[in-house]
file entry38.txt (compact mmCIF, C-alpha atoms and all ligand atoms)
# COMPACT_ATOMS: atom_id res chain seq x y z
CA MET A 585 0.00 0.00 0.00
CA LYS A 586 1.43 3.35 -0.93
CA LYS A 587 -0.35 5.27 1.80
CA THR A 588 -1.66 4.66 5.24
CA ILE A 589 -5.10 5.65 6.40
CA GLY A 590 -4.47 8.77 8.41
CA SER A 591 -5.84 10.93 9.91
CA SER A 592 -39.39 20.02 -11.60
CA ARG A 593 -36.07 18.52 -13.39
CA ARG A 594 -35.45 16.00 -10.75
CA ASN A 595 -39.00 14.88 -11.18
CA PHE A 596 -38.17 14.22 -14.80
CA LEU A 597 -35.15 12.10 -13.82
CA TYR A 598 -37.13 10.45 -11.07
CA GLN A 599 -39.95 9.68 -13.50
CA SER A 600 -37.46 8.02 -15.78
CA GLY A 601 -35.93 6.12 -12.88
CA LEU A 602 -37.02 3.38 -10.54
CA ALA A 603 -39.31 5.63 -8.57
CA GLY A 604 -41.10 6.52 -11.78
CA LEU A 605 -42.03 2.87 -12.08
CA GLY A 606 -44.18 3.23 -9.00
CA MET A 607 -41.80 1.07 -7.00
CA THR A 608 -41.60 1.01 -3.29
CA LEU A 609 -38.06 -0.38 -3.16
CA PHE A 610 -36.74 2.56 -1.35
CA SER A 611 -39.17 5.27 -0.56
CA PRO A 612 -38.34 8.54 1.15
CA ALA A 613 -40.12 7.03 4.19
CA ASP A 614 -37.20 4.63 4.56
CA LEU A 615 -34.85 7.52 5.17
CA LEU A 616 -33.72 8.23 8.68
CA PRO A 617 -35.81 10.90 10.38
CA GLY A 618 -34.53 14.33 9.53
CA SER A 619 -32.11 13.15 6.89
CA SER A 620 -33.83 15.05 4.13
CA SER A 621 -35.66 17.73 5.99
CA LYS A 622 -33.11 20.53 6.35
CA PRO A 623 -32.93 23.04 3.55
CA THR A 624 -29.51 23.08 1.92
CA THR A 625 -27.37 26.03 0.95
CA MET A 626 -26.46 26.19 -2.67
CA PRO A 627 -23.40 28.12 -3.72
CA ASP A 628 -23.69 28.11 -7.45
CA LYS A 629 -21.33 28.69 -10.37
CA ASN A 630 -23.03 29.15 -13.74
CA GLY A 631 -25.96 27.26 -12.29
CA LYS A 632 -23.78 24.20 -11.62
CA LEU A 633 -22.68 22.75 -8.29
CA GLY A 634 -18.96 22.14 -7.78
CA ILE A 635 -17.78 18.59 -7.13
CA ALA A 636 -14.42 17.62 -5.62
CA LEU A 637 -13.22 14.10 -6.40
CA VAL A 638 -11.38 12.47 -3.48
CA GLY A 639 -8.87 9.86 -4.70
CA LEU A 640 -7.72 10.06 -8.31
CA GLY A 641 -7.59 6.37 -9.16
CA ASN A 642 -8.92 4.42 -12.12
CA TYR A 643 -12.60 5.13 -11.61
CA ALA A 644 -12.19 8.86 -10.91
CA THR A 645 -9.78 9.26 -13.82
CA GLY A 646 -11.39 7.01 -16.39
CA GLN A 647 -15.09 7.55 -15.70
CA LEU A 648 -16.10 10.26 -13.23
CA ALA A 649 -13.94 13.15 -14.41
CA PRO A 650 -14.83 12.63 -18.11
CA ALA A 651 -18.52 12.30 -17.13
CA LEU A 652 -18.29 15.65 -15.35
CA LEU A 653 -17.63 17.22 -18.74
CA GLN A 654 -21.08 16.00 -19.79
CA THR A 655 -23.11 16.99 -16.73
CA GLU A 656 -25.64 19.82 -16.79
CA HIS A 657 -26.01 20.48 -13.07
CA CYS A 658 -22.53 19.93 -11.64
CA TYR A 659 -18.91 20.26 -12.72
CA LEU A 660 -15.46 19.20 -11.59
CA ALA A 661 -14.39 22.02 -9.27
CA GLY A 662 -11.66 20.40 -7.19
CA ILE A 663 -9.51 17.37 -6.41
CA VAL A 664 -8.15 15.70 -3.29
CA THR A 665 -5.11 13.50 -3.85
CA GLY A 666 -2.19 12.01 -1.99
CA THR A 667 -0.11 11.86 -5.16
CA PRO A 668 1.30 15.31 -6.09
CA SER A 669 2.57 14.02 -9.44
CA LYS A 670 -1.05 13.61 -10.61
CA ILE A 671 -1.85 17.29 -10.06
CA PRO A 672 -0.42 18.97 -13.19
CA THR A 673 -2.33 16.74 -15.60
CA TRP A 674 -5.62 17.21 -13.76
CA LYS A 675 -5.09 20.96 -13.40
CA GLU A 676 -4.53 21.34 -17.09
CA LYS A 677 -7.14 18.92 -18.35
CA TYR A 678 -9.96 20.16 -16.14
CA ASN A 679 -8.90 23.75 -15.52
CA ILE A 680 -8.75 23.34 -11.74
CA PRO A 681 -7.39 26.34 -9.81
CA ASP A 682 -4.71 25.79 -7.14
CA GLU A 683 -7.03 26.85 -4.33
CA ASN A 684 -9.32 23.89 -5.15
CA ILE A 685 -6.57 21.27 -4.83
CA TYR A 686 -6.19 19.39 -1.52
CA ASN A 687 -4.40 16.42 -0.02
CA TYR A 688 -5.58 14.03 2.68
CA ASP A 689 -4.04 16.12 5.47
CA ASN A 690 -5.51 19.51 4.55
CA TYR A 691 -8.78 17.99 3.24
CA ASP A 692 -10.85 19.43 6.11
CA ARG A 693 -10.00 22.96 4.96
CA ILE A 694 -12.40 22.37 2.09
CA LYS A 695 -15.05 23.68 4.47
CA ASP A 696 -13.84 27.20 3.69
CA ASN A 697 -14.11 26.68 -0.06
CA LYS A 698 -17.38 28.07 -1.39
CA ASN A 699 -16.76 26.68 -4.87
CA ILE A 700 -17.04 23.10 -3.66
CA ASP A 701 -20.54 21.94 -2.83
CA ILE A 702 -20.19 18.17 -3.16
CA ILE A 703 -17.46 15.76 -2.06
CA TYR A 704 -17.23 12.54 -4.09
CA VAL A 705 -15.32 9.82 -2.19
CA VAL A 706 -13.62 7.44 -4.65
CA LEU A 707 -11.10 5.83 -2.29
CA PRO A 708 -10.51 2.18 -1.31
CA ASN A 709 -13.56 0.81 0.53
CA SER A 710 -12.25 0.99 4.10
CA MET A 711 -11.52 4.72 3.67
CA HIS A 712 -15.08 5.62 2.64
CA ALA A 713 -16.34 6.11 6.19
CA GLU A 714 -13.57 8.45 7.34
CA TYR A 715 -13.63 10.67 4.24
CA THR A 716 -17.43 10.78 4.11
CA ILE A 717 -17.64 11.78 7.76
CA ARG A 718 -14.95 14.42 7.29
CA GLY A 719 -16.79 15.64 4.19
CA PHE A 720 -19.97 16.15 6.20
CA GLY A 721 -17.83 17.72 8.94
CA ALA A 722 -16.73 20.25 6.33
CA GLY A 723 -20.40 21.05 5.69
CA LYS A 724 -20.53 19.52 2.20
CA HIS A 725 -22.96 17.17 0.48
CA VAL A 726 -21.37 13.77 -0.14
CA ILE A 727 -21.44 11.05 -2.77
CA CYS A 728 -19.65 7.91 -1.61
CA GLU A 729 -18.64 5.06 -3.87
CA LYS A 730 -19.91 1.53 -3.35
CA PRO A 731 -19.76 -0.34 -1.05
CA MET A 732 -20.75 2.47 1.31
CA ALA A 733 -18.40 1.07 3.98
CA ILE A 734 -17.00 -2.23 5.13
CA THR A 735 -19.20 -2.55 8.24
CA VAL A 736 -22.77 -1.61 9.13
CA GLU A 737 -21.40 0.22 12.17
CA ASP A 738 -19.41 2.51 9.88
CA CYS A 739 -22.54 3.09 7.79
CA ASP A 740 -24.37 4.16 10.94
CA LYS A 741 -21.62 6.64 11.78
CA MET A 742 -21.77 8.05 8.25
CA LEU A 743 -25.55 8.46 8.44
CA ALA A 744 -25.23 10.12 11.84
CA ALA A 745 -22.67 12.56 10.38
CA GLN A 746 -25.05 13.31 7.52
CA GLN A 747 -27.89 14.01 9.91
CA LYS A 748 -25.73 16.27 12.02
CA ALA A 749 -24.59 18.20 8.95
CA GLY A 750 -28.09 18.35 7.44
CA LYS A 751 -26.64 17.62 3.99
CA LYS A 752 -27.54 15.22 1.19
CA PHE A 753 -25.91 11.82 0.86
CA SER A 754 -25.79 9.48 -2.09
CA ILE A 755 -24.06 6.21 -3.05
CA GLY A 756 -22.40 5.79 -6.46
CA TYR A 757 -25.07 3.37 -7.70
CA ARG A 758 -24.84 4.35 -11.37
CA LEU A 759 -27.04 1.49 -12.63
CA HIS A 760 -30.12 3.18 -11.17
CA PHE A 761 -29.66 5.60 -14.07
CA ASP A 762 -28.97 3.01 -16.77
CA PRO A 763 -31.93 2.41 -19.12
CA PHE A 764 -31.22 -1.32 -19.44
CA ASN A 765 -31.19 -1.95 -15.72
CA LEU A 766 -34.23 0.28 -15.30
CA GLU A 767 -35.96 -1.87 -17.89
CA MET A 768 -35.16 -5.01 -15.88
CA ALA A 769 -36.76 -3.28 -12.89
CA ARG A 770 -39.82 -2.31 -14.91
CA LEU A 771 -40.30 -5.77 -16.39
CA GLY A 772 -39.85 -7.43 -13.00
CA THR A 773 -41.85 -5.17 -10.73
CA GLN A 774 -44.69 -4.59 -13.16
CA LYS A 775 -44.85 -8.36 -13.78
CA VAL A 776 -44.86 -7.79 -17.52
CA PHE A 777 -44.12 -11.49 -18.09
CA GLY A 778 -45.99 -12.68 -15.00
CA ASN A 779 -44.71 -13.43 -11.53
CA LEU A 780 -41.00 -13.97 -11.13
CA LYS A 781 -39.94 -17.56 -10.44
CA LYS A 782 -36.21 -17.06 -10.07
CA ILE A 783 -33.58 -14.34 -10.36
CA SER A 784 -29.93 -15.06 -10.95
CA GLY A 785 -26.85 -12.97 -11.52
CA ALA A 786 -23.09 -13.12 -11.54
CA PHE A 787 -20.27 -10.61 -11.82
CA GLY A 788 -16.59 -11.40 -12.03
CA PHE A 789 -13.26 -10.33 -13.43
CA LYS A 790 -9.65 -11.33 -12.88
CA ALA A 791 -8.11 -9.26 -10.09
CA GLU A 792 -4.37 -8.88 -10.34
CA ALA A 793 -2.18 -9.40 -7.30
CA GLY A 794 -0.83 -6.45 -5.35
CA GLN A 795 -3.86 -4.17 -5.27
CA TRP A 796 -5.99 -3.01 -2.34
CA ARG A 797 -8.95 -5.08 -3.63
CA LEU A 798 -7.19 -8.21 -2.36
CA SER A 799 -6.52 -6.72 1.08
CA LYS A 800 -9.10 -7.48 3.76
CA GLN A 801 -8.10 -4.33 5.59
CA TYR A 802 -8.73 -2.04 2.62
CA ALA A 803 -11.48 -3.85 0.75
CA GLY A 804 -13.37 -5.40 3.68
CA GLY A 805 -13.69 -8.62 1.71
CA GLY A 806 -13.22 -9.96 -1.79
CA PRO A 807 -15.30 -9.94 -4.97
CA LEU A 808 -18.55 -9.87 -2.98
CA MET A 809 -17.78 -6.35 -1.69
CA ASP A 810 -16.65 -5.09 -5.08
CA LEU A 811 -18.77 -6.99 -7.63
CA GLY A 812 -21.36 -9.08 -5.80
CA ILE A 813 -22.91 -5.85 -4.56
CA TYR A 814 -24.12 -5.18 -8.13
CA VAL A 815 -25.84 -8.57 -8.22
CA VAL A 816 -27.45 -7.95 -4.82
CA GLN A 817 -28.71 -4.60 -6.08
CA GLY A 818 -29.93 -6.11 -9.37
CA MET A 819 -31.96 -8.72 -7.52
CA CYS A 820 -33.56 -6.10 -5.29
CA TYR A 821 -34.56 -3.68 -8.05
CA THR A 822 -35.68 -6.40 -10.48
CA SER A 823 -37.91 -8.06 -7.89
CA GLY A 824 -38.89 -4.84 -6.11
CA MET A 825 -38.27 -6.73 -2.88
CA ASN A 826 -35.64 -7.10 -0.24
CA PRO A 827 -34.41 -10.60 0.70
CA ILE A 828 -35.56 -12.25 3.93
CA ALA A 829 -32.87 -14.94 4.29
CA VAL A 830 -29.60 -16.07 2.75
CA THR A 831 -27.35 -19.12 2.48
CA ALA A 832 -23.87 -18.97 0.93
CA VAL A 833 -20.82 -21.06 0.05
CA GLU A 834 -17.26 -20.06 -0.69
CA GLY A 835 -15.82 -21.20 -4.02
CA GLU A 836 -12.69 -23.30 -4.26
CA LYS A 837 -9.46 -21.35 -3.61
CA THR A 838 -7.23 -22.44 -6.46
CA ASP A 839 -4.81 -19.55 -5.82
CA PRO A 840 -4.34 -19.35 -2.06
CA VAL A 841 -1.40 -16.96 -2.43
CA ARG A 842 -3.28 -14.26 -4.36
CA PHE A 843 -6.39 -14.85 -2.29
CA LYS A 844 -4.68 -15.15 1.08
CA GLU A 845 -6.92 -12.55 2.74
CA VAL A 846 -10.18 -12.61 0.81
CA GLU A 847 -12.40 -15.11 -0.98
CA GLN A 848 -11.56 -15.94 -4.58
CA SER A 849 -15.23 -16.50 -5.38
CA LEU A 850 -18.48 -17.22 -3.63
CA SER A 851 -22.12 -17.89 -4.37
CA TRP A 852 -25.24 -17.25 -2.38
CA GLU A 853 -28.98 -17.83 -2.49
CA PHE A 854 -31.45 -15.22 -1.30
CA GLU A 855 -34.99 -16.05 -0.28
CA PHE A 856 -37.61 -13.40 -0.95
CA GLN A 857 -41.17 -13.10 0.30
CA GLY A 858 -43.50 -15.45 -1.58
CA GLY A 859 -40.80 -18.07 -2.21
CA LEU A 860 -38.82 -16.26 -4.94
CA LYS A 861 -35.16 -17.37 -5.00
CA GLY A 862 -32.17 -15.27 -6.00
CA GLU A 863 -29.00 -17.11 -6.99
CA GLY A 864 -25.93 -14.87 -7.07
CA SER A 865 -22.21 -15.25 -7.42
CA ALA A 866 -19.10 -13.08 -7.55
CA THR A 867 -15.55 -13.97 -8.51
CA TYR A 868 -12.12 -12.42 -8.93
CA ASP A 869 -10.96 -15.25 -11.13
CA ALA A 870 -13.22 -15.33 -14.20
CA LEU A 871 -15.11 -13.02 -16.53
CA THR A 872 -18.83 -13.24 -15.91
CA ASN A 873 -21.51 -10.57 -16.08
CA PHE A 874 -25.29 -11.15 -16.23
CA LEU A 875 -28.62 -10.52 -14.53
CA LYS A 876 -31.50 -12.86 -15.42
CA ALA A 877 -35.11 -13.08 -14.32
CA GLU A 878 -37.23 -16.14 -15.03
CA ALA A 879 -40.92 -15.29 -15.04
CA GLU A 880 -44.11 -17.30 -15.69
CA GLN A 881 -44.23 -16.24 -19.34
CA GLY A 882 -40.53 -16.33 -20.15
CA SER A 883 -37.14 -14.99 -19.15
CA PHE A 884 -35.58 -11.58 -19.52
CA GLU A 885 -31.92 -10.88 -19.10
CA LEU A 886 -29.05 -8.45 -19.37
CA LYS A 887 -25.74 -9.83 -20.59
CA PRO A 888 -23.57 -7.97 -19.91
CA ALA A 889 -25.49 -6.27 -17.13
CA TYR A 890 -23.12 -4.17 -15.03
CA ASN A 891 -20.82 -2.42 -17.53
CA TYR A 892 -20.46 1.34 -17.88
CA GLY A 893 -22.29 0.90 -21.18
CA ARG A 894 -22.80 -1.64 -23.98
CA GLN A 895 -25.42 -3.58 -22.04
CA ARG A 896 -27.45 -6.03 -24.10
CA GLY A 897 -30.96 -6.98 -23.05
CA TYR A 898 -33.14 -9.89 -24.12
CA THR A 899 -36.83 -10.46 -23.47
CA PRO A 900 -39.45 -12.94 -24.71
CA ASN A 901 -40.58 -10.16 -27.10
CA GLY A 902 -37.11 -9.58 -28.56
CA ASP A 903 -33.97 -7.63 -27.76
CA MET A 904 -34.23 -4.45 -25.69
CA GLN A 905 -34.00 -1.45 -28.01
CA LEU A 906 -32.70 1.24 -25.69
CA THR A 907 -30.31 4.12 -26.09
CA PRO A 908 -27.30 3.92 -23.77
CA VAL A 909 -26.53 6.92 -21.55
CA ASN A 910 -23.50 8.14 -19.65
CA GLN A 911 -24.50 6.50 -16.36
CA GLN A 912 -22.11 8.53 -14.22
CA ALA A 913 -23.21 11.86 -15.70
CA LYS A 914 -26.87 10.98 -15.07
CA GLN A 915 -26.08 9.81 -11.55
CA MET A 916 -24.19 12.99 -10.59
CA ASP A 917 -26.76 15.26 -12.26
CA ALA A 918 -29.57 13.54 -10.37
CA PHE A 919 -27.73 14.14 -7.10
CA ALA A 920 -27.06 17.79 -7.96
CA LEU A 921 -30.76 18.21 -8.73
CA SER A 922 -31.77 16.57 -5.47
CA ILE A 923 -29.67 19.23 -3.72
CA LYS A 924 -31.03 22.10 -5.79
CA ASN A 925 -34.62 20.98 -5.27
CA ASN A 926 -34.08 19.82 -1.68
CA GLN A 927 -35.40 16.35 -2.39
CA PRO A 928 -34.06 12.97 -1.20
CA SER A 929 -31.39 11.22 -3.22
CA ILE A 930 -32.62 8.40 -5.46
CA VAL A 931 -29.74 6.26 -4.15
CA PRO A 932 -29.43 7.39 -0.53
CA GLY A 933 -27.02 6.35 2.20
CA GLU A 934 -29.73 4.22 3.76
CA MET A 935 -29.74 2.08 0.62
CA GLY A 936 -25.96 1.74 0.87
CA ARG A 937 -26.33 0.64 4.50
CA ARG A 938 -28.99 -1.90 3.56
CA ASP A 939 -26.63 -3.45 1.02
CA VAL A 940 -23.66 -3.58 3.40
CA LYS A 941 -25.98 -5.41 5.82
CA TYR A 942 -26.75 -7.97 3.09
CA LEU A 943 -23.08 -8.37 2.20
CA GLN A 944 -22.25 -9.01 5.85
CA ALA A 945 -25.11 -11.52 6.07
CA ILE A 946 -23.78 -13.35 3.00
CA TYR A 947 -20.35 -13.58 4.63
CA GLU A 948 -21.91 -14.80 7.88
CA ALA A 949 -23.84 -17.49 5.98
CA MET A 950 -20.65 -18.48 4.15
CA ARG A 951 -18.62 -18.69 7.37
CA THR A 952 -21.20 -20.57 9.43
CA GLY A 953 -22.75 -22.71 6.70
CA LYS A 954 -26.13 -21.72 8.17
CA LYS A 955 -29.10 -19.81 6.83
CA VAL A 956 -29.04 -16.19 8.01
CA LYS A 957 -32.37 -14.42 8.44
CA LEU A 958 -32.70 -10.81 7.34
CA SER A 959 -35.23 -8.47 8.81
P1 LIG B 1001 -7.94 2.71 -7.54
O1 LIG B 1001 -7.03 1.82 -6.79
O2 LIG B 1001 -7.74 2.81 -9.00
O3 LIG B 1001 -7.88 4.19 -6.95
C1 LIG B 1001 -7.98 4.48 -5.59
C2 LIG B 1001 -7.31 5.81 -5.32
O4 LIG B 1001 -7.45 6.09 -3.94
C3 LIG B 1001 -5.81 5.83 -5.59
O5 LIG B 1001 -5.46 6.09 -6.91
C4 LIG B 1001 -5.34 6.92 -4.65
O6 LIG B 1001 -5.55 8.18 -5.27
C5 LIG B 1001 -6.32 6.84 -3.49
N1 LIG B 1001 -5.74 6.17 -2.31
C6 LIG B 1001 -5.57 6.77 -1.11
N2 LIG B 1001 -5.03 5.92 -0.24
C7 LIG B 1001 -4.85 4.77 -0.88
C8 LIG B 1001 -4.31 3.51 -0.48
N3 LIG B 1001 -3.87 3.26 0.75
N4 LIG B 1001 -4.27 2.50 -1.40
C9 LIG B 1001 -4.71 2.72 -2.65
N5 LIG B 1001 -5.24 3.89 -3.06
C10 LIG B 1001 -5.30 4.92 -2.20
O7 LIG B 1001 -9.42 2.24 -7.19
P2 LIG B 1001 -10.75 2.47 -8.04
O8 LIG B 1001 -10.76 3.83 -8.60
O9 LIG B 1001 -10.95 1.33 -8.95
O10 LIG B 1001 -11.87 2.32 -6.88
C11 LIG B 1001 -12.08 3.33 -5.92
C12 LIG B 1001 -13.48 3.16 -5.33
O11 LIG B 1001 -14.44 3.30 -6.36
C13 LIG B 1001 -13.74 1.79 -4.70
O12 LIG B 1001 -14.52 1.95 -3.55
C14 LIG B 1001 -14.52 1.04 -5.75
O13 LIG B 1001 -15.40 0.08 -5.20
C15 LIG B 1001 -15.28 2.16 -6.41
N6 LIG B 1001 -15.57 1.88 -7.81
C16 LIG B 1001 -16.84 2.05 -8.26
C17 LIG B 1001 -17.17 1.80 -9.56
C18 LIG B 1001 -18.55 2.01 -10.04
O14 LIG B 1001 -18.84 1.62 -11.17
N7 LIG B 1001 -19.44 2.63 -9.26
C19 LIG B 1001 -16.17 1.30 -10.51
C20 LIG B 1001 -14.83 1.22 -9.96
C21 LIG B 1001 -14.57 1.48 -8.65
P3 LIG B 1001 -4.52 9.38 -5.11
O15 LIG B 1001 -3.23 8.88 -5.69
O16 LIG B 1001 -5.13 10.48 -5.88
O17 LIG B 1001 -4.40 9.68 -3.65

call {"tool": "encode", "arguments": {"input": "entry38.txt", "output": "structure tokens"}}
result
Amino acid sequence: MKKTIGSSRRNFLYQSGLAGLGMTLFSPADLLPGSSSKPTTMPDKNGKLGIALVGLGNYATGQLAPALLQTEHCYLAGIVTGTPSKIPTWKEKYNIPDENIYNYDNYDRIKDNKNIDIIYVVLPNSMHAEYTIRGFGAGKHVICEKPMAITVEDCDKMLAAQQKAGKKFSIGYRLHFDPFNLEMARLGTQKVFGNLKKISGAFGFKAEAGQWRLSKQYAGGGPLMDLGIYVVQGMCYTSGMNPIAVTAVEGEKTDPVRFKEVEQSLSWEFEFQGGLKGEGSATYDALTNFLKAEAEQGSFELKPAYNYGRQRGYTPNGDMQLTPVNQQAKQMDAFALSIKNNQPSIVPGEMGRRDVKYLQAIYEAMRTGKKVKLS
């Protein structure tokens, strides 16, 4: 590890999103009391809110910063990095003034910077809690990447910090803004092909040795934390339900050196109300990527399902004919609009906490070999 852990538009987006499908997956009533009630201040530059990206790794560099050139309601105002050599390129490419550039030590001074409205935490998983809490401490709205944290206790601290700050909080769940995944949710929850009989999904890629993703301390777990979370999410929004119990098994560890600290692969089975089953798996040792729902009148499926784009969808009536979008731009614009209009985030911290709870339950089921009940 190179560092130590130190110290009436939103309605349109909402209509086109899960909530517009009349779903009750995650209603504002699920939010913690007070978490969306305080009016928010809104320093504004050309009508856009300023975002500071915290951690300039692959996702921030390859996806989020380019997406911020396509957003209508927010823009890249600042950066927080522990690697000074990255600064010149970012300064030049995104026209970032020196006063909007921070490191992890002087990060809290961002509270005095009126040009930064939103902090976007894009750090290794175990650092999400600290930098989200410090972001709220600086009086900013926060987007935190998935998984929200590595423990439910950390999620609770993050939500408490949000409540104290009276700011908005969102998780980087970009697929809630992807038309293909929204279509899966519509087909499933509106029972377009009848009641669901089974949902299945898998996500995997080959994780190279030597990165934080293979460190229990930094990642909190293996492919389940990083990739399985997409499958968990897909099952919830396609069924419109939350699971009530889970069983899980760890896959064979064929590379015990690379996977010394975390699982190489695992699979789980969710039980939903009414007997629906959800079979999921995640792996760091193979390429796999799908979300499938089997319904009374046929199956519908995305393959691939979780990419930044290029999803393909299949239904009993033919292939899905949908226009891809920039998921990250939509996601960040929706959050900026939720701030401007003082409305709850479509993908709030409470949803992130729910998912961390499910991930922990899957691990518990895997460790104990027993069924774990979920409230
Ligand atoms: P990277 O390893 O590419 O980047 C992480 C960055 O965090 C580093 O470049 C570094 O930035 C900073 N950092 C600070 N301390 C450390 C440390 N001790 N070890 C490593 N990095 C450190 O990771 P990703 O960009 O792939 O992932 C970051 C987060 O984004 C994760 O939580 C991941 O789950 C999430 N993610 C989400 C995706 C999505 O589709 N929603 C896709 C990919 C990732 P610097 O040098 O600037 O300090």

call {"tool": "closest_residue", "arguments": {"input": "entry38.txt", "among": "A:Val726, A:Leu906, A:Leu871, A:Ala744", "to": "Ala786 (chain A)", "atoms": "all atoms listed in the file"}}
result
A:Leu871

call {"tool": "residues_around", "arguments": {"input": "entry38.txt", "residues": "Thr645 (chain A)", "least_positions_apart": "6", "cutoff": "12 Å", "atoms": "all atoms listed in the file", "output": "list in words"}}
result
Leu637, Val638, Gly639, Ala651, Leu652, Leu660, Ile663, Thr665, Lys670, Ile671, Thr673, Trp674, Lys677, Tyr678 and Val706 of chain A

call {"tool": "write_last_selection", "arguments": {"input": "entry38.txt", "atoms": "C-alpha atoms", "output": "compact mmCIF listing (two decimals), keeping the file's coordinate frame"}}
result
# COMPACT_ATOMS: atom_id res chain seq x y z
CA LEU A 637 -13.22 14.10 -6.40
CA VAL A 638 -11.38 12.47 -3.48
CA GLY A 639 -8.87 9.86 -4.70
CA ALA A 651 -18.52 12.30 -17.13
CA LEU A 652 -18.29 15.65 -15.35
CA LEU A 660 -15.46 19.20 -11.59
CA ILE A 663 -9.51 17.37 -6.41
CA THR A 665 -5.11 13.50 -3.85
CA LYS A 670 -1.05 13.61 -10.61
CA ILE A 671 -1.85 17.29 -10.06
CA THR A 673 -2.33 16.74 -15.60
CA TRP A 674 -5.62 17.21 -13.76
CA LYS A 677 -7.14 18.92 -18.35
CA TYR A 678 -9.96 20.16 -16.14
CA VAL A 706 -13.62 7.44 -4.65

call {"tool": "residues_around", "arguments": {"input": "entry38.txt", "residues": "Lys837 (chain A)", "least_positions_apart": "2", "cutoff": "12 Å", "atoms": "all atoms listed in the file", "output": "PDB file with C-alpha atoms, in the coordinates of the input"}}
result
ATOM      1  CA  VAL A 833     -20.820 -21.060   0.050  1.00  0.00           C
ATOM      2  CA  GLU A 834     -17.260 -20.060  -0.690  1.00  0.00           C
ATOM      3  CA  GLY A 835     -15.820 -21.200  -4.020  1.00  0.00           C
ATOM      4  CA  ASP A 839      -4.810 -19.550  -5.820  1.00  0.00           C
ATOM      5  CA  PRO A 840      -4.340 -19.350  -2.060  1.00  0.00           C
ATOM      6  CA  VAL A 841      -1.400 -16.960  -2.430  1.00  0.00           C
ATOM      7  CA  ARG A 842      -3.280 -14.260  -4.360  1.00  0.00           C
ATOM      8  CA  PHE A 843      -6.390 -14.850  -2.290  1.00  0.00           C
ATOM      9  CA  LYS A 844      -4.680 -15.150   1.080  1.00  0.00           C
ATOM     10  CA  GLU A 845      -6.920 -12.550   2.740  1.00  0.00           C
ATOM     11  CA  VAL A 846     -10.180 -12.610   0.810  1.00  0.00           C
ATOM     12  CA  GLU A 847     -12.400 -15.110  -0.980  1.00  0.00           C
ATOM     13  CA  GLN A 848     -11.560 -15.940  -4.580  1.00  0.00           C
ATOM     14  CA  SER A 849     -15.230 -16.500  -5.380  1.00  0.00           C
ATOM     15  CA  LEU A 850     -18.480 -17.220  -3.630  1.00  0.00           C
ATOM     16  CA  THR A 867     -15.550 -13.970  -8.510  1.00  0.00           C
ATOM     17  CA  TYR A 868     -12.120 -12.420  -8.930  1.00  0.00           C
ATOM     18  CA  ASP A 869     -10.960 -15.250 -11.130  1.00  0.00           C
TER      19      ASP A 869
END

call {"tool": "atom_distance", "arguments": {"input": "entry38.txt", "atom1": "CA of Gly824 (chain A)", "atom2": "CA of Leu860 (chain A)"}}
result
11.5 Å

call {"tool": "residues_near_ligand", "arguments": {"input": "entry38.txt", "ligand": "ligand LIG 1001 (chain B)", "cutoff": "8 Å", "atoms": "all atoms listed in the file", "output": "VMD selection string"}}
result
chain A and resid 585 to 589 638 to 645 664 to 668 670 687 to 688 705 to 709 711 to 712 729 to 732 756 to 758 795 to 797 802 to 803 809 to 810 891 to 892

call {"tool": "residues_around", "arguments": {"input": "entry38.txt", "residues": "Ser865 (chain A)", "least_positions_apart": "6", "cutoff": "10 Å", "atoms": "only C-alpha atoms", "output": "PyMOL selection string"}}
result
chain A and resi 784-788+807-808+811-813+815-816+832-835+849-853+872-873

call {"tool": "closest_residue", "arguments": {"input": "entry38.txt", "among": "A:Gly804, A:Gly646, A:Gly818, A:Pro900", "to": "Gly864 (chain A)", "atoms": "all atoms listed in the file"}}
result
A:Gly818

call {"tool": "residues_around", "arguments": {"input": "entry38.txt", "residues": "Gly721 (chain A)", "least_positions_apart": "3", "cutoff": "12 Å", "atoms": "only C-alpha atoms", "output": "list in words"}}
result
Tyr691, Asp692, Arg693, Ile694, Lys695, Asp696, Ile703, Glu714, Tyr715, Thr716, Ile717, Arg718, Lys724, His725, Val726, Met742, Ala744, Ala745, Gln746, Gln747, Lys748, Ala749, Gly750 and Lys751 of chain A

call {"tool": "residues_around", "arguments": {"input": "entry38.txt", "residues": "Glu656 (chain A)", "least_positions_apart": "2", "cutoff": "12 Å", "atoms": "only C-alpha atoms", "output": "mmCIF file with C-alpha atoms, in the frame of the given file"}}
result
data_model
loop_
_atom_site.group_PDB
_atom_site.id
_atom_site.type_symbol
_atom_site.label_atom_id
_atom_site.label_comp_id
_atom_site.auth_asym_id
_atom_site.auth_seq_id
_atom_site.Cartn_x
_atom_site.Cartn_y
_atom_site.Cartn_z
ATOM 1 C CA ARG A 593 -36.070 18.520 -13.390
ATOM 2 C CA LYS A 629 -21.330 28.690 -10.370
ATOM 3 C CA ASN A 630 -23.030 29.150 -13.740
ATOM 4 C CA GLY A 631 -25.960 27.260 -12.290
ATOM 5 C CA LYS A 632 -23.780 24.200 -11.620
ATOM 6 C CA LEU A 633 -22.680 22.750 -8.290
ATOM 7 C CA GLY A 634 -18.960 22.140 -7.780
ATOM 8 C CA ALA A 651 -18.520 12.300 -17.130
ATOM 9 C CA LEU A 652 -18.290 15.650 -15.350
ATOM 10 C CA LEU A 653 -17.630 17.220 -18.740
ATOM 11 C CA GLN A 654 -21.080 16.000 -19.790
ATOM 12 C CA CYS A 658 -22.530 19.930 -11.640
ATOM 13 C CA TYR A 659 -18.910 20.260 -12.720
ATOM 14 C CA LEU A 660 -15.460 19.200 -11.590
ATOM 15 C CA ALA A 913 -23.210 11.860 -15.700
ATOM 16 C CA LYS A 914 -26.870 10.980 -15.070
ATOM 17 C CA GLN A 915 -26.080 9.810 -11.550
ATOM 18 C CA MET A 916 -24.190 12.990 -10.590
ATOM 19 C CA ASP A 917 -26.760 15.260 -12.260
ATOM 20 C CA ALA A 918 -29.570 13.540 -10.370
ATOM 21 C CA PHE A 919 -27.730 14.140 -7.100
ATOM 22 C CA ALA A 920 -27.060 17.790 -7.960
ATOM 23 C CA LEU A 921 -30.760 18.210 -8.730
#
